[in-house]
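First the structure, in the form of structure tokens, and then the observations on it.
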Amino acid sequence: MKIYRIITVLVLLSFLLGACSSPLPTAAPPVETQAPAVTEAPPPANPPEPPTPTPEPPTPTPEPQVDEFTVVAAYINEKFADWTPVITADKLFENLTDGDDTNNPFIIDVRKPEDYAKGHIQGAVNVFWNEIVKPEVLAALPKDRQIVTYCYTGHTGEAAATILHLLGYNVTNLKYGMMGWTADEEVVGQPGFKGGAGYQVETESHELPEPTATPPSFETGKSEAVEIILARAQELFAKWTPVVTADKLFENLADGDDANNPFVIDVRKPEDYGRGHVPGAVNVFWTGIAAEDVLARLPADRQIVTYCYTGHTGEAAALALALLGYEVTNLKFAIMGWTDDPEVVGQPIFTGAADYAVETEPHPFP
């Protein structure tokens, strides 16, 4: 029994010792994860320089836009204020025969060459009226001497004088033209004044319309008034019709179609307008034809006809409006060509020429 217990103890001891001697499991060493090798690119041998920015040109400052219509209108308004547009035949003759040649004006006959050749005022040179604005003509005209222009009856001579005045020359026009200088109609070159047509006049006053009209526009590319006017005249003179006869105007007004009637402007003094005027005419004294408040009331889409006492200041007013872009002409012989009533005309009516001498010797243009 005793032996049995001993054996049992030994067996238990052997089991215990076997269990103690079993090796513990060894943990596997952690696997080290290698980071991928970074390969740096070698620096370039000559690193490029950053591009130089292209400088932007400065933005040009736009030149202020010139309102050519306004510039020209203001200039004409100023130039007309103190101008004497005509000289009588008596005054011109007195000047030419006073024995002092140093005060003689430079005289320009603006008729056709064939009429100039038939006879002209002593010393006059010849330049047809619509060629007066040619650069070579203007360059040869004296700026330090009075100029006198004349034509057949006073109208195109006045147009020539008006443009020269606006361009800065000291100039006036012979009243009635060659018709006022000589009674020889062959020398004059056109039929002279034969009396008024005797058409009806009215005394009812007509006001200018409300200022709703859009003025004409034009662009010459110039900025100074004289430059603009010269450019306008060089374009205009070749195609402009400076006069309409009383017969033609009457026919238009009396044809029963008021839609084609022109806008008629009487440029005489208000008191003369009040005594009688062409039916429907409004009144604007010629020196104020380019005033801002007047131009704002004139139609740019309708023909205009101007007239004065004898044809001269009406022509100056017509040319001013033509330069400003209006469709305009002037009544030939003015109110004295329309009516034979001297009280209505307001100035002495032409009764005949002074009958001064003429010459045929041509004088070359300088």
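Scheme for the structure tokens: letters A, B, ... for chains in order shown; per-chain residue numbers from 1; ligand numbers from 1 in order shown.
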
List every residue of range 282-314 of chain A that has an atom at most 9 Å from any atom of range 345-363 of chain A, giving for each one its closest atom pair and the distance in Å to one decimal, counting only C-alpha atoms, sorted by chain and then by ascending residue number, as JSON lines.
{"residue": "A:Cys308", "atom": "CA", "partner": "A:Val345", "partner_atom": "CA", "distance": 8.8}
{"residue": "A:Tyr309", "atom": "CA", "partner": "A:Val345", "partner_atom": "CA", "distance": 6.1}
{"residue": "A:Thr310", "atom": "CA", "partner": "A:Ile349", "partner_atom": "CA", "distance": 7.8}

Now that the selection is made, can you save its residues with N, CA, C and O atoms as a short mmCIF file (atom, residue, chain, number, x, y, z; two decimals), in the first residue's frame?
data_model
loop_
_atom_site.label_atom_id
_atom_site.label_comp_id
_atom_site.auth_asym_id
_atom_site.auth_seq_id
_atom_site.Cartn_x
_atom_site.Cartn_y
_atom_site.Cartn_z
N CYS A 308 -33.64 138.65 -98.52
CA CYS A 308 -33.40 139.91 -97.81
C CYS A 308 -34.04 141.04 -98.60
O CYS A 308 -35.16 140.91 -99.07
N TYR A 309 -33.33 142.17 -98.73
CA TYR A 309 -33.84 143.32 -99.48
C TYR A 309 -33.54 143.20 -100.97
O TYR A 309 -34.42 143.35 -101.82
N THR A 310 -32.26 142.93 -101.28
CA THR A 310 -31.81 142.96 -102.68
C THR A 310 -31.08 141.71 -103.12
O THR A 310 -30.70 141.59 -104.29
#

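Within range 41-198 of chain A, DSSP run on the backbone puts these residues in strand (DSSP E or B): Val86, Ile87, Phe106, Ile107, Ile108, Asp109, His120, Val125, Asn126, Ile147, Val148, Thr149, Tyr150, Val171, Thr172, Asn173 and Leu174 of chain A.
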
Just give me the gap between CA of Lys118 in chain A and CA of Trp240 in chain A in Å, one decimal is fine. 26.1 Å

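In this comparison, which uses only C-alpha atoms, the residue of A:Leu141, A:Ala318, A:Ala213, A:Leu249 approaching Ala300 in chain A most closely is A:Ala213.
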
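Between CA of Lys175 in chain A and CA of Gly154 in chain A the interatomic distance comes to 5.7 Å.
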